[in-house]
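Participant: Compact mmCIF, N, CA and C atoms, file final_7.txt:
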```txt
# COMPACT_ATOMS: atom_id res chain seq x y z
N MET A 1 -92.26 88.60 -49.48
CA MET A 1 -91.72 89.37 -48.37
C MET A 1 -90.44 88.69 -47.90
N SER A 2 -89.48 89.48 -47.46
CA SER A 2 -88.22 88.94 -46.99
C SER A 2 -88.42 88.27 -45.63
N LYS A 3 -87.37 87.63 -45.16
CA LYS A 3 -87.41 86.94 -43.88
C LYS A 3 -87.87 87.89 -42.78
N VAL A 4 -88.80 87.44 -41.98
CA VAL A 4 -89.37 88.27 -40.92
C VAL A 4 -88.51 88.15 -39.66
N VAL A 5 -88.24 89.28 -39.05
CA VAL A 5 -87.48 89.33 -37.80
C VAL A 5 -88.46 89.17 -36.65
N GLY A 6 -88.06 88.43 -35.63
CA GLY A 6 -88.88 88.25 -34.43
C GLY A 6 -89.53 86.88 -34.39
N LYS A 7 -89.93 86.51 -33.16
CA LYS A 7 -90.53 85.20 -32.94
C LYS A 7 -92.03 85.26 -32.69
N GLY A 8 -92.59 86.46 -32.70
CA GLY A 8 -94.03 86.60 -32.46
C GLY A 8 -94.42 86.52 -31.00
N THR A 9 -93.46 86.83 -30.12
CA THR A 9 -93.73 86.88 -28.68
C THR A 9 -93.61 88.33 -28.21
N ALA A 10 -94.08 88.60 -27.00
CA ALA A 10 -93.96 89.96 -26.46
C ALA A 10 -92.50 90.36 -26.34
N ALA A 11 -91.63 89.42 -25.98
CA ALA A 11 -90.20 89.72 -25.83
C ALA A 11 -89.50 89.85 -27.18
N SER A 12 -90.04 89.18 -28.20
CA SER A 12 -89.44 89.21 -29.54
C SER A 12 -90.54 89.28 -30.60
N PRO A 13 -91.20 90.45 -30.71
CA PRO A 13 -92.33 90.57 -31.65
C PRO A 13 -91.86 90.50 -33.11
N TRP A 14 -92.81 90.14 -33.98
CA TRP A 14 -92.52 90.18 -35.41
C TRP A 14 -92.36 91.65 -35.79
N GLU A 15 -91.36 91.95 -36.58
CA GLU A 15 -91.14 93.29 -37.13
C GLU A 15 -91.73 93.26 -38.54
N LEU A 16 -92.82 93.97 -38.75
CA LEU A 16 -93.56 93.89 -40.00
C LEU A 16 -93.69 95.25 -40.67
N LYS A 17 -94.11 95.21 -41.91
CA LYS A 17 -94.44 96.42 -42.67
C LYS A 17 -95.88 96.28 -43.16
N THR A 18 -96.58 97.40 -43.27
CA THR A 18 -97.91 97.37 -43.85
C THR A 18 -97.79 96.93 -45.31
N PRO A 19 -98.85 96.41 -45.90
CA PRO A 19 -98.76 95.92 -47.29
C PRO A 19 -98.16 96.92 -48.28
N PRO A 20 -98.48 98.22 -48.23
CA PRO A 20 -97.82 99.13 -49.18
C PRO A 20 -96.35 99.39 -48.84
N GLY A 21 -95.91 98.93 -47.67
CA GLY A 21 -94.53 99.13 -47.26
C GLY A 21 -94.24 100.51 -46.69
N THR A 22 -95.29 101.25 -46.36
CA THR A 22 -95.13 102.64 -45.91
C THR A 22 -94.92 102.79 -44.41
N SER A 23 -95.31 101.79 -43.62
CA SER A 23 -95.18 101.91 -42.17
C SER A 23 -94.68 100.60 -41.56
N ASP A 24 -93.85 100.75 -40.52
CA ASP A 24 -93.37 99.61 -39.75
C ASP A 24 -94.27 99.44 -38.54
N TYR A 25 -94.42 98.20 -38.09
CA TYR A 25 -95.13 97.93 -36.85
C TYR A 25 -94.68 96.59 -36.30
N GLN A 26 -95.09 96.29 -35.09
CA GLN A 26 -94.76 95.03 -34.44
C GLN A 26 -96.05 94.29 -34.13
N ALA A 27 -95.95 92.96 -34.10
CA ALA A 27 -97.10 92.14 -33.73
C ALA A 27 -96.60 90.91 -32.98
N TYR A 28 -97.44 90.44 -32.07
CA TYR A 28 -97.11 89.20 -31.35
C TYR A 28 -98.38 88.55 -30.83
N ARG A 29 -98.23 87.27 -30.53
CA ARG A 29 -99.32 86.48 -29.95
C ARG A 29 -99.30 86.63 -28.44
N ASP A 30 -100.45 86.86 -27.85
CA ASP A 30 -100.58 86.87 -26.39
C ASP A 30 -101.57 85.77 -26.05
N ASP A 31 -101.03 84.55 -25.91
CA ASP A 31 -101.87 83.37 -25.65
C ASP A 31 -102.47 83.39 -24.24
N LYS A 32 -101.88 84.16 -23.34
CA LYS A 32 -102.34 84.19 -21.95
C LYS A 32 -103.42 85.23 -21.70
N ALA A 33 -103.66 86.11 -22.67
CA ALA A 33 -104.73 87.11 -22.52
C ALA A 33 -106.08 86.39 -22.50
N ASP A 34 -107.08 87.06 -21.97
CA ASP A 34 -108.41 86.47 -21.93
C ASP A 34 -109.39 87.41 -22.61
N PRO A 35 -109.79 87.11 -23.85
CA PRO A 35 -109.41 85.98 -24.68
C PRO A 35 -108.02 86.18 -25.30
N PRO A 36 -107.40 85.09 -25.78
CA PRO A 36 -106.09 85.21 -26.42
C PRO A 36 -106.12 86.26 -27.54
N ALA A 37 -105.00 86.99 -27.66
CA ALA A 37 -104.99 88.15 -28.56
C ALA A 37 -103.80 88.14 -29.51
N LEU A 38 -104.03 88.75 -30.68
CA LEU A 38 -102.96 89.16 -31.57
C LEU A 38 -102.77 90.64 -31.25
N VAL A 39 -101.60 90.99 -30.74
CA VAL A 39 -101.31 92.36 -30.33
C VAL A 39 -100.51 93.04 -31.43
N VAL A 40 -100.98 94.20 -31.85
CA VAL A 40 -100.33 94.98 -32.90
C VAL A 40 -99.93 96.32 -32.30
N GLN A 41 -98.64 96.63 -32.37
CA GLN A 41 -98.13 97.88 -31.84
C GLN A 41 -97.70 98.77 -33.00
N VAL A 42 -98.41 99.89 -33.18
CA VAL A 42 -98.13 100.85 -34.24
C VAL A 42 -97.76 102.16 -33.56
N GLY A 43 -96.48 102.45 -33.49
CA GLY A 43 -96.05 103.63 -32.74
C GLY A 43 -96.46 103.47 -31.29
N LYS A 44 -97.21 104.44 -30.78
CA LYS A 44 -97.69 104.37 -29.39
C LYS A 44 -99.06 103.73 -29.27
N THR A 45 -99.67 103.40 -30.41
CA THR A 45 -101.02 102.83 -30.42
C THR A 45 -100.95 101.31 -30.42
N GLN A 46 -101.72 100.71 -29.53
CA GLN A 46 -101.79 99.25 -29.48
C GLN A 46 -103.20 98.81 -29.87
N LEU A 47 -103.25 97.93 -30.86
CA LEU A 47 -104.52 97.33 -31.28
C LEU A 47 -104.49 95.86 -30.88
N ARG A 48 -105.63 95.33 -30.54
CA ARG A 48 -105.73 93.92 -30.17
C ARG A 48 -106.87 93.30 -30.96
N TYR A 49 -106.56 92.15 -31.52
CA TYR A 49 -107.56 91.37 -32.26
C TYR A 49 -107.63 89.99 -31.64
N HIS A 50 -108.80 89.34 -31.74
CA HIS A 50 -108.91 87.97 -31.28
C HIS A 50 -107.85 87.14 -32.00
N LEU A 51 -107.08 86.36 -31.26
CA LEU A 51 -106.00 85.57 -31.84
C LEU A 51 -106.52 84.58 -32.88
N ARG A 52 -107.72 84.13 -32.71
CA ARG A 52 -108.30 83.17 -33.66
C ARG A 52 -108.44 83.76 -35.05
N CYS A 53 -108.28 85.08 -35.19
CA CYS A 53 -108.39 85.71 -36.51
C CYS A 53 -107.40 85.12 -37.49
N ILE A 54 -106.25 84.67 -37.02
CA ILE A 54 -105.24 84.09 -37.91
C ILE A 54 -105.79 82.84 -38.59
N ASP A 55 -106.28 81.89 -37.80
CA ASP A 55 -106.82 80.65 -38.37
C ASP A 55 -108.12 80.90 -39.13
N ASP A 56 -108.97 81.78 -38.60
CA ASP A 56 -110.25 82.05 -39.25
C ASP A 56 -110.05 82.72 -40.61
N LEU A 57 -109.14 83.70 -40.68
CA LEU A 57 -108.89 84.38 -41.95
C LEU A 57 -108.26 83.41 -42.95
N HIS A 58 -107.34 82.59 -42.49
CA HIS A 58 -106.73 81.60 -43.38
C HIS A 58 -107.79 80.66 -43.95
N ALA A 59 -108.71 80.20 -43.11
CA ALA A 59 -109.78 79.31 -43.57
C ALA A 59 -110.68 80.01 -44.59
N MET A 60 -111.01 81.28 -44.35
CA MET A 60 -111.84 82.03 -45.29
C MET A 60 -111.13 82.15 -46.64
N LEU A 61 -109.84 82.46 -46.61
CA LEU A 61 -109.08 82.61 -47.85
C LEU A 61 -108.99 81.29 -48.61
N LEU A 62 -108.81 80.20 -47.89
CA LEU A 62 -108.78 78.88 -48.54
C LEU A 62 -110.11 78.60 -49.23
N LYS A 63 -111.20 78.93 -48.54
CA LYS A 63 -112.53 78.73 -49.10
C LYS A 63 -112.74 79.58 -50.36
N GLN A 64 -112.26 80.83 -50.33
CA GLN A 64 -112.38 81.72 -51.49
C GLN A 64 -111.59 81.16 -52.67
N GLY A 65 -110.40 80.64 -52.39
CA GLY A 65 -109.60 80.02 -53.43
C GLY A 65 -108.96 80.97 -54.41
N ASP A 66 -109.02 82.27 -54.15
CA ASP A 66 -108.45 83.25 -55.07
C ASP A 66 -108.06 84.50 -54.28
N TRP A 67 -107.57 85.50 -54.98
CA TRP A 67 -107.18 86.75 -54.35
C TRP A 67 -108.39 87.46 -53.76
N VAL A 68 -108.20 88.07 -52.59
CA VAL A 68 -109.24 88.86 -51.92
C VAL A 68 -108.62 90.22 -51.61
N ALA A 69 -109.31 91.29 -51.96
CA ALA A 69 -108.84 92.65 -51.69
C ALA A 69 -108.76 92.88 -50.19
N LEU A 70 -107.76 93.65 -49.74
CA LEU A 70 -107.60 93.93 -48.31
C LEU A 70 -108.62 94.95 -47.82
N GLY A 71 -108.75 96.07 -48.51
CA GLY A 71 -109.78 97.07 -48.18
C GLY A 71 -109.69 97.67 -46.80
N SER A 72 -108.50 97.93 -46.30
CA SER A 72 -108.32 98.47 -44.96
C SER A 72 -109.08 99.78 -44.76
N ALA A 73 -109.72 99.91 -43.59
CA ALA A 73 -110.45 101.13 -43.26
C ALA A 73 -110.51 101.30 -41.74
N ASP A 74 -110.51 102.55 -41.29
CA ASP A 74 -110.72 102.83 -39.88
C ASP A 74 -112.10 102.33 -39.47
N GLU A 75 -112.26 102.09 -38.19
CA GLU A 75 -113.54 101.58 -37.68
C GLU A 75 -114.71 102.51 -38.04
N GLN A 76 -114.49 103.81 -38.03
CA GLN A 76 -115.56 104.77 -38.26
C GLN A 76 -115.99 104.84 -39.73
N LYS A 77 -115.21 104.26 -40.62
CA LYS A 77 -115.53 104.29 -42.05
C LYS A 77 -116.08 102.94 -42.48
N PRO A 78 -117.01 102.94 -43.43
CA PRO A 78 -117.53 101.65 -43.90
C PRO A 78 -116.46 100.88 -44.68
N ALA A 79 -116.51 99.57 -44.56
CA ALA A 79 -115.59 98.71 -45.29
C ALA A 79 -116.23 98.29 -46.61
N THR A 80 -115.43 98.22 -47.65
CA THR A 80 -115.93 97.80 -48.96
C THR A 80 -116.28 96.32 -48.91
N GLU A 81 -117.48 95.98 -49.38
CA GLU A 81 -117.95 94.60 -49.38
C GLU A 81 -116.98 93.70 -50.13
N GLY A 82 -116.82 92.48 -49.63
CA GLY A 82 -115.99 91.49 -50.28
C GLY A 82 -114.51 91.60 -49.95
N THR A 83 -114.15 92.52 -49.05
CA THR A 83 -112.74 92.70 -48.68
C THR A 83 -112.44 91.99 -47.36
N VAL A 84 -111.15 91.84 -47.08
CA VAL A 84 -110.71 91.28 -45.81
C VAL A 84 -111.22 92.16 -44.66
N GLU A 85 -111.17 93.47 -44.84
CA GLU A 85 -111.64 94.39 -43.80
C GLU A 85 -113.13 94.16 -43.50
N ALA A 86 -113.94 94.05 -44.54
CA ALA A 86 -115.38 93.83 -44.34
C ALA A 86 -115.63 92.51 -43.63
N TRP A 87 -114.89 91.47 -44.03
CA TRP A 87 -115.04 90.17 -43.40
C TRP A 87 -114.65 90.24 -41.91
N GLY A 88 -113.63 91.02 -41.58
CA GLY A 88 -113.15 91.13 -40.20
C GLY A 88 -114.10 91.82 -39.26
N ARG A 89 -115.19 92.37 -39.78
CA ARG A 89 -116.20 93.03 -38.94
C ARG A 89 -117.61 92.53 -39.22
N SER A 90 -117.71 91.50 -40.04
CA SER A 90 -119.01 91.00 -40.49
C SER A 90 -119.67 90.06 -39.48
N GLU A 91 -120.98 90.11 -39.44
CA GLU A 91 -121.73 89.19 -38.58
C GLU A 91 -121.77 87.79 -39.16
N THR A 92 -121.23 87.61 -40.36
CA THR A 92 -121.21 86.27 -40.97
C THR A 92 -119.85 85.58 -40.81
N ASN A 93 -118.86 86.25 -40.19
CA ASN A 93 -117.58 85.57 -39.94
C ASN A 93 -117.74 84.63 -38.74
N PRO A 94 -116.78 83.75 -38.47
CA PRO A 94 -116.92 82.80 -37.37
C PRO A 94 -117.11 83.43 -35.99
N LEU A 95 -116.62 84.65 -35.80
CA LEU A 95 -116.77 85.34 -34.52
C LEU A 95 -118.12 86.06 -34.42
N LYS A 96 -118.77 86.22 -35.55
CA LYS A 96 -120.08 86.90 -35.65
C LYS A 96 -119.96 88.40 -35.35
N GLY A 97 -118.86 89.00 -35.80
CA GLY A 97 -118.67 90.44 -35.61
C GLY A 97 -117.20 90.82 -35.62
N TRP A 98 -116.90 91.92 -34.99
CA TRP A 98 -115.56 92.50 -34.98
C TRP A 98 -114.52 91.57 -34.36
N TYR A 99 -113.37 91.44 -35.01
CA TYR A 99 -112.23 90.73 -34.43
C TYR A 99 -111.44 91.66 -33.51
N GLY A 100 -111.54 92.96 -33.72
CA GLY A 100 -110.86 93.93 -32.85
C GLY A 100 -111.56 94.04 -31.52
N PHE A 101 -110.79 94.26 -30.47
CA PHE A 101 -111.34 94.30 -29.11
C PHE A 101 -111.91 95.64 -28.71
N LYS A 102 -111.13 96.70 -28.85
CA LYS A 102 -111.46 97.99 -28.24
C LYS A 102 -112.19 98.90 -29.21
N LYS A 103 -113.40 99.31 -28.82
CA LYS A 103 -114.16 100.23 -29.66
C LYS A 103 -113.31 101.46 -29.96
N GLY A 104 -113.31 101.86 -31.22
CA GLY A 104 -112.49 102.97 -31.66
C GLY A 104 -111.17 102.51 -32.28
N LEU A 105 -110.73 101.30 -31.91
CA LEU A 105 -109.48 100.73 -32.43
C LEU A 105 -109.71 99.34 -33.04
N ARG A 106 -110.93 99.09 -33.50
CA ARG A 106 -111.24 97.76 -34.04
C ARG A 106 -110.98 97.65 -35.54
N GLY A 107 -110.82 98.75 -36.22
CA GLY A 107 -110.62 98.74 -37.65
C GLY A 107 -109.18 98.43 -38.04
N ARG A 108 -108.88 98.67 -39.31
CA ARG A 108 -107.56 98.42 -39.90
C ARG A 108 -107.15 96.95 -39.87
N PHE A 109 -108.13 96.07 -39.72
CA PHE A 109 -107.90 94.63 -39.76
C PHE A 109 -107.21 94.25 -41.07
N GLY A 110 -107.66 94.84 -42.17
CA GLY A 110 -107.10 94.54 -43.49
C GLY A 110 -105.72 95.12 -43.73
N MET A 111 -105.24 95.95 -42.81
CA MET A 111 -103.90 96.53 -42.93
C MET A 111 -102.89 95.73 -42.10
N TYR A 112 -103.27 95.36 -40.88
CA TYR A 112 -102.30 94.80 -39.95
C TYR A 112 -102.31 93.28 -39.82
N VAL A 113 -103.42 92.61 -40.10
CA VAL A 113 -103.46 91.16 -39.95
C VAL A 113 -102.87 90.41 -41.16
N PRO A 114 -103.11 90.84 -42.40
CA PRO A 114 -102.54 90.10 -43.53
C PRO A 114 -101.02 89.89 -43.49
N PRO A 115 -100.21 90.90 -43.10
CA PRO A 115 -98.77 90.63 -43.03
C PRO A 115 -98.40 89.57 -41.98
N VAL A 116 -99.23 89.42 -40.95
CA VAL A 116 -98.99 88.36 -39.96
C VAL A 116 -99.15 87.00 -40.63
N LEU A 117 -100.23 86.83 -41.40
CA LEU A 117 -100.42 85.56 -42.11
C LEU A 117 -99.29 85.31 -43.09
N GLU A 118 -98.82 86.37 -43.73
CA GLU A 118 -97.69 86.24 -44.65
C GLU A 118 -96.44 85.79 -43.89
N ALA A 119 -96.18 86.39 -42.74
CA ALA A 119 -95.01 86.03 -41.93
C ALA A 119 -95.07 84.57 -41.49
N LEU A 120 -96.27 84.07 -41.26
CA LEU A 120 -96.46 82.68 -40.83
C LEU A 120 -96.48 81.70 -42.00
N GLY A 121 -96.36 82.22 -43.21
CA GLY A 121 -96.37 81.35 -44.39
C GLY A 121 -97.76 80.84 -44.75
N LEU A 122 -98.80 81.54 -44.30
CA LEU A 122 -100.17 81.12 -44.55
C LEU A 122 -100.81 81.86 -45.72
N ALA A 123 -100.19 82.94 -46.18
CA ALA A 123 -100.79 83.74 -47.25
C ALA A 123 -99.74 84.49 -48.04
N GLU A 124 -100.10 84.81 -49.27
CA GLU A 124 -99.34 85.74 -50.10
C GLU A 124 -100.06 87.07 -49.99
N VAL A 125 -99.30 88.15 -49.87
CA VAL A 125 -99.87 89.49 -49.79
C VAL A 125 -99.17 90.35 -50.83
N GLU A 126 -99.97 91.09 -51.59
CA GLU A 126 -99.38 92.04 -52.55
C GLU A 126 -98.83 93.24 -51.80
N HIS A 127 -97.83 93.89 -52.42
CA HIS A 127 -97.18 95.04 -51.78
C HIS A 127 -97.10 96.21 -52.76
N ASN A 128 -98.26 96.58 -53.29
CA ASN A 128 -98.37 97.73 -54.20
C ASN A 128 -98.68 98.98 -53.38
N PRO A 129 -98.54 100.18 -53.98
CA PRO A 129 -98.88 101.41 -53.25
C PRO A 129 -100.35 101.45 -52.80
N LYS A 130 -101.26 100.82 -53.57
CA LYS A 130 -102.70 100.83 -53.25
C LYS A 130 -103.33 99.53 -53.73
N ASN A 131 -104.55 99.29 -53.26
CA ASN A 131 -105.40 98.19 -53.74
C ASN A 131 -104.74 96.82 -53.66
N ASN A 132 -104.14 96.51 -52.52
CA ASN A 132 -103.49 95.22 -52.34
C ASN A 132 -104.49 94.11 -52.07
N ARG A 133 -104.04 92.90 -52.36
CA ARG A 133 -104.88 91.71 -52.17
C ARG A 133 -104.04 90.64 -51.48
N MET A 134 -104.74 89.59 -51.04
CA MET A 134 -104.05 88.44 -50.45
C MET A 134 -104.76 87.17 -50.86
N ARG A 135 -104.03 86.06 -50.78
CA ARG A 135 -104.62 84.75 -51.02
C ARG A 135 -103.92 83.74 -50.14
N ALA A 136 -104.62 82.67 -49.84
CA ALA A 136 -104.12 81.65 -48.92
C ALA A 136 -103.02 80.81 -49.55
N ILE A 137 -102.14 80.35 -48.71
CA ILE A 137 -101.18 79.31 -49.06
C ILE A 137 -101.61 78.11 -48.21
N LYS A 138 -101.76 76.97 -48.85
CA LYS A 138 -102.18 75.76 -48.12
C LYS A 138 -101.07 75.30 -47.20
N LYS A 139 -101.45 74.92 -45.96
CA LYS A 139 -100.48 74.39 -45.00
C LYS A 139 -99.96 73.06 -45.52
N LYS A 140 -98.68 72.81 -45.26
CA LYS A 140 -98.08 71.54 -45.69
C LYS A 140 -98.12 70.52 -44.62
```
Show me, as structure tokens, the structure contained in the file I just sent.

Facilitator:
Amino acid sequence: MSKVVGKGTAASPWELKTPPGTSDYQAYRDDKADPPALVVQVGKTQLRYHLRCIDDLHAMLLKQGDWVALGSADEQKPATEGTVEAWGRSETNPLKGWYGFKKGLRGRFGMYVPPVLEALGLAEVEHNPKNNRMRAIKKK
């Protein structure tokens, strides 16, 4: 991915693209929210995920040690097992459930969170039209 614009703050959000490159969106850290949040703005829709999802997802990817399918899905649809999306709503993740805050807007974890990790230099994300994957980059 090319150099990311923005600082990841509300005043200067990251300007990101979904993994297939079909949609633009913004994301930023809200450390002062209770609990702290990763805020994703897609058009007029705002999604919020627990901010710890960044470190937790990176740790999961490091443990996997290989590519993991993104498997993005709306909250109302089942997530494919073994994908980032399924992990983001699983009772076996560190949060013990959904990383998304608001019922009805908790899904699409596998669409909007991976590019954030990529922007932070924590992961590689594929950018194909479909069936994208990601893998961890070890922190230096």

Participant: From (-96.0, 85.7, -26.3), in the file's coordinates, out to 8 Å: which residues are reached, counting all atoms listed in the file? Answer as a list of chain:residue names.

Facilitator: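 So the residues meeting the distance criterion are A:Lys7, A:Gly8, A:Thr9, A:Ala10, A:Ala11, A:Ser12, A:Tyr28, A:Arg29, A:Asp30, A:Asp31, A:Lys32.
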
Participant: Please extract the residues of segment 12-137 of chain A with a backbone DSSP assignment of strand (DSSP E or B) and present them as a PyMOL selection string.

Facilitator: chain A and resi 14-17+24-30+37-42+45-50+68-69+100+123-125+133-136

Participant: Residues at most 7 Å from Asn131 of chain A, counting all atoms listed in the file, excluding those fewer than 5 positions away in the same chain, as a VMD selection string?

Facilitator: chain A and resid 69 to 71

Participant: Which residue out of A:Val4, A:Gly88, A:Lys138, A:Leu61 has the minimum interatomic distance to Gly100 of chain A when all atoms listed in the file are used?

Facilitator: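 Of the candidates, the smallest distance to Gly100 of chain A is held by A:Gly88.
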
Participant: Hey, which of A:Phe101, A:Gln64, A:Ala119, A:Met134 ends up closest to Ala33 of chain A? Count only C-alpha atoms.

Facilitator: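 Going through A:Phe101, A:Gln64, A:Ala119, A:Met134 one by one, the smallest distance to Ala33 of chain A is for A:Phe101.
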
Participant: Which of these, A:Lys3, A:Pro35, A:Asp56, A:Glu75, has the shortest distance to Asn93 of chain A once you count only N, CA and C atoms?

Facilitator: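 Among A:Lys3, A:Pro35, A:Asp56, A:Glu75, it is A:Asp56 that comes nearest to Asn93 of chain A.
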
Participant: Of the residues A:Pro36, A:His127, A:Gly43, A:Ile54, which is the one nearest to Val113 of chain A, using all atoms listed in the file?

Facilitator: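 Residue with the minimum atom-to-atom distance to Val113 of chain A: A:Ile54.
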
Participant: Write out as an NGL selection string which residues come within 6.5 Å of Ala136 of chain A when counting only N, CA and C atoms, dropping same-chain ones fewer than 4 positions away.

Facilitator: :A and (58 or 61-62 or 66 or 122-124)
